[in-house]
4 protein chains.
Amino acid sequence: MSPFNASGLTGALFADAEMAEILSDRRWLEAMLDFEAALARAEAAVGVIPTQAADVIVSCCQVDLYDIVEVGRRTTLAGNPAIPLVAMLTEKVREKDAAAAEFVHYGATSQDVIDSALGQLYRDAEQKVSTRVAACAHALADLAQIHRVTPMSGRTLLQHALPVSFGLKCAQWLDAIVLSHDQLMLRSGSWLQFGGAAGNLAALGHDALPVLDALMRSDPADARNTRSSLAFTGRDTPWHTTRAHIQAFSMHLGILSSTLGKIARDITLLMQTEVAEVFEPSAPGKGGSSTLPHKRNPVQSVAIVAIATRTPGLVATMLSAGMQEHERGAGGWHAEWDTMRELLLLTGAASLHMQTMLEGLEVDTERMRTNLELTNGLIMAERVTFALAPALGKAKAKTLLETACRMAVTEKRHLRDVLKATPEASALDLDALFDPSTYLGASDVFIDRILDHYESDQRFMVEKTQIYSS
Amino acid sequence: MSPFNASGLTGALFADAEMAEILSDRRWLEAMLDFEAALARAEAAVGVIPTQAADVIVSCCQVDLYDIVEVGRRTTLAGNPAIPLVAMLTEKVREKDAAAAEFVHYGATSQDVIDSALGQLYRDAEQKVSTRVAACAHALADLAQIHRVTPMSGRTLLQHALPVSFGLKCAQWLDAIVLSHDQLMLRSGSWLQFGGAAGNLAALGHDALPVLDALMRSDPADARNTRSSLAFTGRDTPWHTTRAHIQAFSMHLGILSSTLGKIARDITLLMQTEVAEVFEPSAPGKGGSSTLPHKRNPVQSVAIVAIATRTPGLVATMLSAGMQEHERGAGGWHAEWDTMRELLLLTGAASLHMQTMLEGLEVDTERMRTNLELTNGLIMAERVTFALAPALGKAKAKTLLETACRMAVTEKRHLRDVLKATPEASALDLDALFDPSTYLGASDVFIDRILDHYESDQRFMVEKTQIYSS
Amino acid sequence: MSPFNASGLTGALFADAEMAEILSDRRWLEAMLDFEAALARAEAAVGVIPTQAADVIVSCCQVDLYDIVEVGRRTTLAGNPAIPLVAMLTEKVREKDAAAAEFVHYGATSQDVIDSALGQLYRDAEQKVSTRVAACAHALADLAQIHRVTPMSGRTLLQHALPVSFGLKCAQWLDAIVLSHDQLMLRSGSWLQFGGAAGNLAALGHDALPVLDALMRSDPADARNTRSSLAFTGRDTPWHTTRAHIQAFSMHLGILSSTLGKIARDITLLMQTEVAEVFEPSAPGKGGSSTLPHKRNPVQSVAIVAIATRTPGLVATMLSAGMQEHERGAGGWHAEWDTMRELLLLTGAASLHMQTMLEGLEVDTERMRTNLELTNGLIMAERVTFALAPALGKAKAKTLLETACRMAVTEKRHLRDVLKATPEASALDLDALFDPSTYLGASDVFIDRILDHYESDQRFMVEKTQIYSS
Amino acid sequence: MSPFNASGLTGALFADAEMAEILSDRRWLEAMLDFEAALARAEAAVGVIPTQAADVIVSCCQVDLYDIVEVGRRTTLAGNPAIPLVAMLTEKVREKDAAAAEFVHYGATSQDVIDSALGQLYRDAEQKVSTRVAACAHALADLAQIHRVTPMSGRTLLQHALPVSFGLKCAQWLDAIVLSHDQLMLRSGSWLQFGGAAGNLAALGHDALPVLDALMRSDPADARNTRSSLAFTGRDTPWHTTRAHIQAFSMHLGILSSTLGKIARDITLLMQTEVAEVFEPSAPGKGGSSTLPHKRNPVQSVAIVAIATRTPGLVATMLSAGMQEHERGAGGWHAEWDTMRELLLLTGAASLHMQTMLEGLEVDTERMRTNLELTNGLIMAERVTFALAPALGKAKAKTLLETACRMAVTEKRHLRDVLKATPEASALDLDALFDPSTYLGASDVFIDRILDHYESDQRFMVEKTQIYSS
């Protein structure tokens, strides 16, 4: 079944296997058990509960001991999965050591377990997304370099405007990617939630803060699994109904999706039969049409556009869900769980599509040149106007060009040829002026500036990626 | 895993097993095969393809012959699940009868299969939702009758305003339910999509319309399965990029969710410790808190509020997705698939929660009476003002009441007692005037009107439900 | 200033003068006064208040007697504009007749006035929108007829697929328009709201229903102004927190905007420099670029796309606002006021842009022909495959065409020429087969069916429009 | 008329005069003229245009010389307000000095003017919002200190859970405010947009970068007005279709609104007749009901909740609008203008309401105490359980408490009294255990931590505010 499922009918269009695994119910369950184990350890370290009890609790925090379906069955009545899980964990602990059962989930509340556990999933998911986005950025930086002076039609409101370089277009895409990536990374984190039933850890009395601090310092190496779980970050007070940071995280996912959607839409437009300048990489079985042999459908960019169409509503949900009542919300919080997971899955899929697409992007520079001629030189009119301005004045130059353009259109001639027959323009080197590759303005500097931003960011990207994968 | 999964960690909070089955990938695949079988039959009937070929094709349209994971794997490259499915079906047909393989999916396009198949799922899902909503309406009609003259505090802007009857409150809830239900039913339908590659069935030549008509008349009994599949309705021209009717369907799901959310929010408010007038039915393991023995958490209404928080974003997505390009969209259409399924799942879960809740709703009429006294009689001030008006004039009456109210507040006395000591009010039967059960206005008639609307609707509800289940 | 202002910097891009006037604060104020006058008349007719008092009240319900700024100033404190308006009206009545002042707003509540008044504005605005949409439909019906057999490239996923007729494209646009228009008209209406402070008209006692009925029958001719105000429709019980019908109205505006957005996006795509098949009507000062003489910017379709981008969020707001507490909501209702007005303004502007655009649409049928040749005949491959199938079998035919297509692409030759040199295809009349105007499939019938829907709808459109304008 | 109008019927509910002025069409026009003046100055400084021409241009950049209505009239045709404004400015310059007219808007494009001008408005608006939010934070910090040990009922899922301190509740509100405020400030800025017709400043040739740099360094003091206009920040390359930073800005406004909405919803709940613990400040004419003398309607918090209901849709629009085509978008960009202004107006109004409300918040600490007793001591059950645990074991303690709680509920006795009669609890100092003010857990430390965050932030808040107002 689709959005949380990369092995359904829609395959990896909207969710891929890696992301689906990271955000799976099994991982959520595991992360909840990790929290309970870490809590027991922290409380034993501080002396709130016996070390012996903690050991038994930790030994029962093995995900394979629990049946997700059974937890779910009870969740329907309980209202959240932490309640049945804690009950089942307590039962298992009791079977081993009745005394230890009293210390399960000691002083914590359901939302502590769930928020802290989901935070682990979010962090893992964000790392995966970030790695993919870094690869997109890398591919774009290469394309910007390679096509630094490849002229193509710049299009505004879907009309040819002036020549631009394809390298600048790639650099602009890179600019948005780097911006989105930075913001996302700064937001991500595996926030610890620990406040007890009403957010003040009252049940723990004087031990509250030592336990909170010990929990914050939980060593990932202690966690049952070897992933980077349980490296909590970010918050030193409870945030049961203070959701601003999680909202900000959701929004940067939304922005990233929107950015990827912009690039993907551009690619669908560039792949149009009439334009045919840029293409998704081809692959056997990809993008074909059963009955139309000539078609080359934009499969991945279409999936990305679909995702970018879906994410704004999910982000709006995270905002609407923010008005959570008093010390614990009656609905808003519950609306977050699947919304965040869906947002991460979709953004993850979009970034993977984009990575694959950019790493194999096919660019037809010849066609770009051909298309530049579609207006019979009118696309260069601005340049000629500015070139004539010093001699004629800008107003007169403009009028002259307007006349020449009209003539070019009416007579279906190239503007260059019309101008060659125009005395006022005879002093100009028209052939040179009509060469788009010498009319790319500040492209070079703009590309460099964006690449510079990327370079400084890249080190961070690479380092962070290395940390992640180590 | 979660939203499309009723057997995950969140159990049936946001998706129940019945709805999840109806909207499953397996059912989607089955409905696509049903379409291909019906198409082959229709084309054989018209003489476009050989009957023998149709028979072979139909024999291969068995869902168990296909591996969803394999279809999905190829979908990732193909861009939609119809392309690999048609390829796999053709392969299976070819194995039996090479000649017949040429007639698989004859003249159809991917979107024909997918839209028609999803329409079957939507119709089945709408039937399930409608049955549940009808049960909610039934329960509310009973409650409106039973509590026709049960006085409680009417609350505006969360402040006590005037007494109302709990029966009228239930009738108002019923009113919105009936309205939502009607609109939803009118919209639902298993729309046939059949236009071929560019929406004009060009490949079928003169046979196009006979095939379209034969397809529209497809006998559900012919379908491989015994469900009411393949009873197409509603559209006699293709609608590949004309999505108004499916958008309208999505929106009525959104309205229904919002209506259920309003009722659920009211119940969370009525369950507040300070109010305690109405409660979700209790059940073992339901709504308890591990550490707080006195709590009675509003589990089902909270799930409904969460759902009503999530659905507006999904409806907005259906609207944003509507700007689909030319003859077939590049992203908008793809954004619809999971959005519609999620919307149906969520609305289905919300209506089931509501049904369970209303069928066992606990009402504390005594507490309602007690709460009516919370303002020390001020809630009856309007009535006394109007009662005094004929004698004193409304202005004077109002001034007198304002003074009396202030005195009641300051001296913490009951307004009735203050007024008993006020000469101008001595002529009134104050005990009678302060009886809220005789100050319910036109409640009775309003309840009757709404019940009348419900009665006429109910026959339709029942009939339609019977048709569905027959 | 902007969205509610057609005389600001953005002119009529997002709001035109007619709609802005209909939805202005002045009209809202006027409609509130109309309600108070009608209420006084109804109550006098029933005998609840003296006829003399009603006369004085009616005489004070003149919009020019009130200063909007002053009402607004007090609204900030009061929380809604009805409270200060009633106070100011009462004051004015008192000045004329102290006794009559007691009967102002008798038995009503703020929400009664505001909902009933806004309903009048919504109805007037819907009429204006509907008239414009009817004009769009008319223009499209003409275009569908005129271009019934004008061939152009059908485009799916932005790729050339098969030839279609431009008439069918227009008919498909018309189909969505007619659907949206119908649904919208059925929803619109000037709903009467009358429930008193807690929705049961308790203050009016036994007179409640007679007053409600008299109010429902209010004669527009009695209203101070000569517009069709105060023709209430639709609801016979209060609906203070039952918003399903107003949500449905909002959504049909959203669907209409989305439909208009789809058409507009198609036009922006068709106006692309590389496509250049269809153009917005030109006008002096329209769509030009200061520095780029050859550009012809899609001004109106861009404004429509912008509007269709904005409306989904507004519709989502109407759904989110639906969870209104108890007998009167604490925020949700207040969120509706400007959201509905903005939605109507935007949809109104979009429909006016569309009307202007369609009534003067420029169609370059020659360019459509030229573009059909862009694939060197590959767009006709499906047809040739089907034509060869009877003789060769579909599989063999498909293989042959695939080879021919590859050859055409590699050698940059026209597919027709490649096929002419292919023995197996020699029996075919290739010139005839490559004529797109004879490969339009069931276009003709589909156009007729949609025009038929439109015809039956049109009578209704015209009649309703006449009623409106009479 | 409403959203952009603080002098309409809804007064300052959704837009106040200060914000409306900052975001007015007049200010927008002025900021566009400021840009043109600064551009002329920068180009003269670099030597691209004659100083004399720049002087004439600057002299014509006076807002009073232009008629907004006339600009708007032409905008309808032109598609954006920069086109007619530049034409009108050129005309005025030409009247003074024909030669200078050639240098108006030299090398710039419409979007350069509009984005740069709107950035000025956004910055001014953000400053105003930030100042108000800083005042909210100040008020909350005071409340957190004052009510540090004021016990009240902590409520989870709208049920009494445990005692909390009202100071901690205020600190939690403050926490979210500080977080929102920080993020917002980091995002705000008056981004310079300068890229020319296709984003590479081609028309300016080698002078492009010097002009860009000179423009970036524009001295606000040069600007015609004395406000802080034209202090550009943030971007050193064009961003015509790279909207991530403006999306991030919009989202932090959305988060702030959501945060304010959460606080406001809490206050509406605390003002309920049944709760009555906290009240909006009262004022003459505020929150009263014409017919219900005892009501004290939550006017300002209701307006804030309404705003927080509206903003998520606007943020979603900013995300949906992000897929802007190629070098300049066909609709997405245009959707931003009014969306951003509305978002700022709404957030501005919400923050002003919140400031007023918090600065005069009425807190009934006695009622808080009374409400704590509503459960007859059950709210203290957790504490007693933990107190008994060392002696009895947690399991046994829990069972004992469950029995006692049931007895307390059934016999309507206080839990303390039930326990006093229970031998196992006799060793406890029950009177002390049932004092909520000594069961506030880590509240004190959490309050301190949040106040510390605020303190460090406050300096920044104050400094920035001073800079703003200087």
# chains A, B, ... in the order shown; residues from 1 in each chain; ligands from 1
>>> closest_atom_pairs(of="chain D", to="chain B", cutoff="8 Å", atoms="only C-alpha atoms", output="Markdown table")
| residue | atom | partner | partner_atom | distance |
| --- | --- | --- | --- | --- |
| D:Leu157 | CA | B:Asn297 | CA | 6.4 |
| D:Leu158 | CA | B:Gln272 | CA | 5.4 |
| D:Gln159 | CA | B:Thr273 | CA | 5.3 |
| D:His160 | CA | B:Thr273 | CA | 6.0 |
| D:Ala161 | CA | B:Leu292 | CA | 6.6 |
| D:Thr268 | CA | B:Leu158 | CA | 7.0 |
| D:Leu269 | CA | B:Leu158 | CA | 7.2 |
| D:Met271 | CA | B:Gln159 | CA | 7.7 |
| D:Gln272 | CA | B:Gln159 | CA | 5.4 |
| D:Thr273 | CA | B:Gln159 | CA | 5.3 |
| D:Glu274 | CA | B:Glu274 | CA | 5.9 |
| D:Val275 | CA | B:Glu274 | CA | 6.5 |
| D:Thr291 | CA | B:Glu382 | CA | 6.0 |
| D:Leu292 | CA | B:Glu382 | CA | 6.0 |
| D:Pro293 | CA | B:Glu402 | CA | 6.4 |
| D:His294 | CA | B:Leu378 | CA | 6.0 |
| D:Lys295 | CA | B:Gln159 | CA | 6.5 |
| D:Arg296 | CA | B:Gln159 | CA | 7.4 |
| D:Asn297 | CA | B:Leu157 | CA | 6.4 |
| D:Pro298 | CA | B:Leu157 | CA | 7.0 |
| D:Val302 | CA | B:Leu157 | CA | 7.9 |
| D:Ser320 | CA | B:Ser320 | CA | 7.7 |
| D:Asn371 | CA | B:Glu274 | CA | 7.7 |
| D:Leu374 | CA | B:Glu274 | CA | 7.2 |
| D:Thr375 | CA | B:Thr273 | CA | 7.7 |
| D:Leu378 | CA | B:His294 | CA | 6.0 |
| D:Ile379 | CA | B:His294 | CA | 7.2 |
| D:Ala381 | CA | B:Leu292 | CA | 6.9 |
| D:Glu382 | CA | B:Thr291 | CA | 6.0 |
| D:Glu402 | CA | B:Pro293 | CA | 6.4 |
| D:Cys405 | CA | B:His294 | CA | 7.2 |
>>> residues_around(residues="His252 (chain C)", least_positions_apart="3", cutoff="8 Å", atoms="only C-alpha atoms", output="VMD selection string")
(chain B and resid 248) or (chain C and resid 180 183 to 184 187 248 to 249 255 to 256)
>>> select_by_dssp(residues="region 49-290 of chain D", states="alpha helix (DSSP H)", output="ChimeraX atom specification")
/D:51-60,68-78,82-96,110-146,166-187,208-216,244-270
>>> residues_around(residues="Gly107 (chain B)", least_positions_apart="4", cutoff="7 Å", atoms="only C-alpha atoms", output="ChimeraX atom specification")
/B:196,201,203-204
>>> residues_around(residues="Ala202 (chain C)", least_positions_apart="2", cutoff="10 Å", atoms="only C-alpha atoms", output="PyMOL selection string")
(chain B and resi 162-164+382-383+438-443) or (chain C and resi 107-108+195-200+204-208)
>>> residues_around(residues="Arg41 (chain B)", least_positions_apart="4", cutoff="12 Å", atoms="only C-alpha atoms", output="ChimeraX atom specification")
/B:34-37,45-59,61,103-106,211-212,214-219,222-223
>>> residues_around(residues="Asp444 (chain D)", least_positions_apart="6", cutoff="9 Å", atoms="only C-alpha atoms", output="PyMOL selection string")
(chain A and resi 200) or (chain D and resi 148-149+167-168)
>>> write_last_selection(atoms="N, CA and C atoms", output="mmCIF file, in the first residue's frame")
data_model
loop_
_atom_site.group_PDB
_atom_site.id
_atom_site.type_symbol
_atom_site.label_atom_id
_atom_site.label_comp_id
_atom_site.auth_asym_id
_atom_site.auth_seq_id
_atom_site.Cartn_x
_atom_site.Cartn_y
_atom_site.Cartn_z
ATOM 1 N N ASN A 200 6.330 18.615 33.626
ATOM 2 C CA ASN A 200 7.256 19.167 34.623
ATOM 3 C C ASN A 200 8.013 18.081 35.378
ATOM 4 N N ARG D 148 5.431 31.785 38.985
ATOM 5 C CA ARG D 148 6.374 30.680 39.042
ATOM 6 C C ARG D 148 5.848 29.515 39.892
ATOM 7 N N VAL D 149 5.194 29.828 40.991
ATOM 8 C CA VAL D 149 4.700 28.740 41.861
ATOM 9 C C VAL D 149 3.187 28.796 42.044
ATOM 10 N N GLY D 167 3.137 29.670 35.915
ATOM 11 C CA GLY D 167 4.397 30.237 35.431
ATOM 12 C C GLY D 167 5.042 29.351 34.373
ATOM 13 N N LEU D 168 4.976 28.032 34.574
ATOM 14 C CA LEU D 168 5.559 27.140 33.585
ATOM 15 C C LEU D 168 4.764 27.199 32.278
#
>>> closest_residue(among="C:Gly254, C:Gly79, C:Pro423, C:Gly72", to="Leu319 (chain B)", atoms="only C-alpha atoms")
C:Gly254
>>> residues_around(residues="Asn80 (chain B)", least_positions_apart="3", cutoff="10 Å", atoms="only C-alpha atoms", output="list of chain:residue names")
A:Leu9, A:Thr10, A:Gly11, A:Leu13, A:Gly287, A:Val299, A:Ala303, B:Val71, B:Gly72, B:Arg74, B:Thr75, B:Thr76, B:Leu77, B:Ile83, B:Pro84, B:Leu85, B:Ser110, B:Gln111, B:Ile114, B:His334
>>> select_by_dssp(residues="region 110-246 of chain A", states="strand (DSSP E)", output="PyMOL selection string")
chain A and resi 151-156+159-165
>>> write_last_selection(atoms="C-alpha atoms", output="CSV table (one decimal), in the first residue's frame")
chain,number,residue,atom,x,y,z
A,151,PRO,CA,24.0,29.4,-25.0
A,152,MET,CA,20.3,28.6,-24.9
A,153,SER,CA,17.1,30.6,-25.0
A,154,GLY,CA,16.3,32.3,-21.7
A,155,ARG,CA,12.5,32.0,-21.3
A,156,THR,CA,10.3,34.4,-19.2
A,159,GLN,CA,8.5,33.2,-24.1
A,160,HIS,CA,12.0,33.5,-25.5
A,161,ALA,CA,13.5,36.5,-23.8
A,162,LEU,CA,17.3,36.6,-24.2
A,163,PRO,CA,20.1,34.1,-24.6
A,164,VAL,CA,21.3,32.6,-21.3
A,165,SER,CA,23.9,30.0,-20.7
>>> atom_distance(atom1="CA of Ala17 (chain C)", atom2="CA of Ser301 (chain C)")
19.1 Å
>>> atom_distance(atom1="CA of Gln193 (chain A)", atom2="CA of Phe14 (chain B)")
23.9 Å
